[in-house]
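Asker: Mind looking over this structure? Questions follow.
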Amino acid sequence: MTFLEEVQRRRTFAIISHPDAGKTTLTEKLLLYGGAIHLAGSVKSRKTAKHAVSDWMEIEKQRGISVTSSVLQFDYDCCRVNILDTPGHQDFSEDTYRTLMAADSAVMLIDVAKGVEAQTKKLFAVSKERGIPIFTFVNKIDHFGRSPFDLMEEIENVLGIRTCPMNWPIGINGEYKGVYDREHETIELFAKDETHGQEKLASEKGALTDPRMKELLGDDVYQALLDDIELLDVAGDPFDFDKVRAGELTPMFFGSAMTNFGVKPFLEKFLELAPSPAPRQAVEEMVQPTSEDFSALVFKIQANMDPNHHDRIVFMRICSGKFEKGMSVLHRQSNKTIRLSQPQQFLATERTIVEDAYPGDIIGVFDAGTMGVGDTLCAQKHKVTFGDFPVFPPEFFARVSPKDTMKRKQFQKGMTQLAQEGAVQIFEQPGALDSFVVGAVGMLQFEVLEYRLKNEYGVDLLNNTLPYSVARWIDGEVDIASLKGVDNAMIVKDNRDRTVVLISNEWQMGWVQERNPDVTFLTTPKLH
Ligand code: G4P
């Protein structure tokens, strides 16, 4: 296969959803259909959503990298599929957001009974911001749920994206028999699930006009399907690939990950429509995936998997060029040459050493502490730098300091390293010695911080929650003393010495903005 063919056959995506919508189950079923596992049930045990934080930590330790494995890879037809995985815990962390920086598309998973939920909204917003195509899979249709038309309306109203169902459930809500493929005008009826979803589901296909299909469905169900099709054709948005690519229209699918109903039709159509690796903007130029010169973006760091060795695995997404084991590349931020000697790839159940990899693939390498999240690696002879990695607006804040002031040094070291890894965002309040203000996008991050500082650096933390939920970066040079209406706010500096205002809520922020009309308050720091 040529380099170009290797690039074009890659499909790298992330599944975005609210906890319990069925992400773990769907991931597993995609692996089942991709032949990466033979009986469903093996990935499920990785699920950690219902465990407390400490259990989660124990699981991480016992299983090493596999719990937070970064990618699941398999081949389907001609495609090489990379599913970017995010830890399945209930709470939310920046890791979940960052994964989207490495994806070329997203699959938004929605529970048919619950519709669009809180975390779906947040993750949708980040995906939309990135401008990647978003596909929708309505899950759990083996259960009674909301009507498909109702869900289309909700997605359009709440998320502001138009929908275009690619297929449509046939039958009675809660007892659907199959799906209708709108493009090919075919019906696919699924057999009853007899294996609790462990094996692929048998199905029978036929044209909409096939009398056998009509007979199998019965007159009423058949007529209801015809009515739905007509309504969709008249009232729905037509399929428009350009709009999908621009993130303005989401192709919609229906199914049940648990019973395997509709999983294969979804996978096949998704792989047909989903984009291969996209070009990526660097400071110097637009980097084409088909460029032969290597470049990669660090999007995640997993440190101290084994606290005794302080090991650190850096995950990067290859953006251009072919990766070969042992190759030397330039680490742009430190200007050091790094040999990628022990590259790891994380498959469904184990990690293996990779010999080569292509744009769209994710590899993990050991690193002693040189690289940070958002860094670039590139070919010596062709230097590129992927701009600043976005900072996600934190919504929870706390002031942390060491319980034992003798542990100051370890505290500083631990906090700096964990911030570099991107586990939390740290801010300094001028004049406040030996303490940091910590910002997070989910509460779990504080618990993880506390646990890790104790276990990895031997520091017990004093953790005081702060009453803020909004952070705003001040654009440009502004005399802080001249700011009005900030008595209840806290003014801090981020790790790049940019001034940030922490304030209790959006309403207060609006009030501050009104009183300082000449100051620009940014929700995230400016990228340069
Ligand atoms: P998550 O990773 O998004 O958090 O969700 P996960 O796949 O773990 O699924 C959450 C629950 O929803 C699980 O039930 C799972 O079996 C169920 N589920 C997933 N897909 C479907 C589906 O298509 N139909 C139905 N009816 N249920 C589905 P659980 O009871 O919490 O766990 P378990 O006892 O089944 O393991």
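Naming scheme: A, B, ... for chains in displayed order of the structure tokens; residues 1 onward per chain; ligands 1 onward as shown.
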Could you pull out the alpha helix (DSSP H) residues of segment 255-391 of chain A, going by DSSP on the backbone, and write them as a list in words?

Answerer: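 In segment 255-391 of chain A, DSSP puts these residues in alpha helix (DSSP H): Val263, Lys264, Pro265, Phe266, Leu267, Glu268, Lys269, Phe270, Leu271, Glu272 and Leu273 of chain A.
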
Asker: Please return as a VMD selection string the residues found within 7 Å of ligand 1, counting only C-alpha atoms and all ligand atoms.

Answerer: chain A and resid 17 to 26 47 49 88 139 to 143 255 to 259

Asker: Selected residues, N, CA and C atoms, written as a tab-separated table (two decimals), in the first residue's frame, please.

Answerer:
chain	number	residue	atom	x	y	z
A	17	SER	N	-20.41	11.49	24.73
A	17	SER	CA	-21.73	11.17	25.29
A	17	SER	C	-21.76	11.50	26.78
A	18	HIS	N	-22.94	11.49	27.31
A	18	HIS	CA	-23.15	11.63	28.75
A	18	HIS	C	-22.91	10.24	29.35
A	19	PRO	N	-22.41	10.13	30.60
A	19	PRO	CA	-22.24	8.81	31.19
A	19	PRO	C	-23.52	7.98	31.11
A	20	ASP	N	-23.34	6.70	30.84
A	20	ASP	CA	-24.45	5.74	30.80
A	20	ASP	C	-25.23	5.72	29.49
A	21	ALA	N	-24.85	6.55	28.54
A	21	ALA	CA	-25.56	6.51	27.25
A	21	ALA	C	-25.20	5.25	26.48
A	22	GLY	N	-24.04	4.63	26.84
A	22	GLY	CA	-23.67	3.37	26.20
A	22	GLY	C	-22.38	3.44	25.40
A	23	LYS	N	-21.50	4.37	25.77
A	23	LYS	CA	-20.25	4.52	25.02
A	23	LYS	C	-19.38	3.27	25.09
A	24	THR	N	-19.25	2.72	26.30
A	24	THR	CA	-18.43	1.53	26.47
A	24	THR	C	-19.01	0.39	25.65
A	25	THR	N	-20.32	0.25	25.71
A	25	THR	CA	-20.97	-0.85	25.00
A	25	THR	C	-20.81	-0.66	23.49
A	26	LEU	N	-21.02	0.53	23.01
A	26	LEU	CA	-20.89	0.75	21.56
A	26	LEU	C	-19.44	0.53	21.10
A	47	LYS	N	-14.83	-0.82	32.28
A	47	LYS	CA	-15.66	0.31	32.67
A	47	LYS	C	-15.47	0.67	34.15
A	49	ALA	N	-17.09	3.59	35.48
A	49	ALA	CA	-18.01	4.69	35.78
A	49	ALA	C	-18.62	4.61	37.17
A	88	GLY	N	-13.87	6.22	31.37
A	88	GLY	CA	-15.33	6.18	31.46
A	88	GLY	C	-15.92	6.69	32.76
A	139	ASN	N	-29.02	5.64	20.75
A	139	ASN	CA	-28.83	4.30	21.32
A	139	ASN	C	-30.02	3.84	22.17
A	140	LYS	N	-30.01	2.57	22.46
A	140	LYS	CA	-31.00	1.92	23.36
A	140	LYS	C	-32.40	1.88	22.76
A	141	ILE	N	-32.49	1.76	21.43
A	141	ILE	CA	-33.85	1.76	20.87
A	141	ILE	C	-34.55	0.41	21.07
A	142	ASP	N	-33.89	-0.52	21.75
A	142	ASP	CA	-34.58	-1.75	22.16
A	142	ASP	C	-35.56	-1.43	23.31
A	143	HIS	N	-35.36	-0.28	23.93
A	143	HIS	CA	-36.24	0.18	25.01
A	143	HIS	C	-37.24	1.17	24.47
A	255	GLY	N	-30.08	2.72	16.75
A	255	GLY	CA	-29.69	1.35	17.03
A	255	GLY	C	-29.66	1.03	18.51
A	256	SER	N	-29.16	-0.14	18.80
A	256	SER	CA	-29.02	-0.56	20.18
A	256	SER	C	-27.67	-1.25	20.31
A	257	ALA	N	-26.77	-0.60	21.01
A	257	ALA	CA	-25.43	-1.17	21.16
A	257	ALA	C	-25.51	-2.49	21.92
A	258	MET	N	-26.44	-2.56	22.85
A	258	MET	CA	-26.51	-3.75	23.69
A	258	MET	C	-26.90	-4.99	22.87
A	259	THR	N	-27.90	-4.84	22.01
A	259	THR	CA	-28.37	-6.01	21.26
A	259	THR	C	-27.70	-6.13	19.88

Asker: If we count only C-alpha atoms and set the cut-off at 9 Å, which residues sit around Arg162 of chain A, ignoring sequence neighbours fewer than 3 positions away in its own chain? Please answer as an MDAnalysis selection string.

Answerer: chainID A and resid 152:153 155:157 159 237 248:251

Asker: Take atom CA of Leu330 of chain A and atom CA of Phe294 of chain A and report the distance between them in Å, one decimal.

Answerer: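 Calculated distance between atom CA of Leu330 of chain A and atom CA of Phe294 of chain A is 9.8 Å.
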
Asker: Counting only C-alpha atoms, which residues of segment 227-276 of chain A fall within 7 Å of segment 6-15 of chain A, and what is the closest atom pair for each with its distance in Å at one decimal, ordered by chain and rising number, as JSON lines?

Answerer:
{"residue": "A:Ala274", "atom": "CA", "partner": "A:Arg11", "partner_atom": "CA", "distance": 6.7}
{"residue": "A:Pro275", "atom": "CA", "partner": "A:Arg11", "partner_atom": "CA", "distance": 6.5}
{"residue": "A:Ser276", "atom": "CA", "partner": "A:Arg11", "partner_atom": "CA", "distance": 5.3}

Asker: Using only C-alpha atoms, find the one residue out of A:Phe446, A:Phe315, A:Phe124, A:Phe190 that sits nearest to Val263 of chain A.

Answerer: A:Phe190

Asker: I need the residue nearest Lys300 of chain A from this list: A:Phe389, A:Trp168, A:Trp473, A:Tyr76. Use only C-alpha atoms for the distance.

Answerer: A:Phe389

Asker: Just the strand (DSSP E or B) stuff from segment 183-326 of chain A, please, per backbone DSSP, written as a PyMOL selection string.

Answerer: chain A and resi 186-190+203-207+249-254+256+261+280-281+286-287+295-303+312-320+323-324

Asker: Within 10 Å of segment 503-512 of chain A, counting only C-alpha atoms, which residues show up once you throw out same-chain ones fewer than 5 positions away? Write them as a ChimeraX atom specification, please.

Answerer: /A:395,466-472,483-491,517,519,521

Asker: Could you name the residues that touch segment 432-445 of chain A at 9 Å or less, counting only C-alpha atoms, but leaving out those on the same chain fewer than 6 positions away, as a VMD selection string?

Answerer: chain A and resid 53 89 to 94 392 to 402 405 408 411 to 412 415 423 to 426 466 471 492

Asker: Atom CA of Val244 of chain A and atom CA of Tyr176 of chain A, how far apart in Å?

Answerer: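 Atom CA of Val244 of chain A lies at a distance of 27.4 Å from atom CA of Tyr176 of chain A.
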
Asker: What does the distance between atom CA of Asn495 of chain A and atom CA of Thr120 of chain A come to in Å, to one decimal place?

Answerer: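 Atom-to-atom, atom CA of Asn495 of chain A and atom CA of Thr120 of chain A are spaced 29.4 Å apart.
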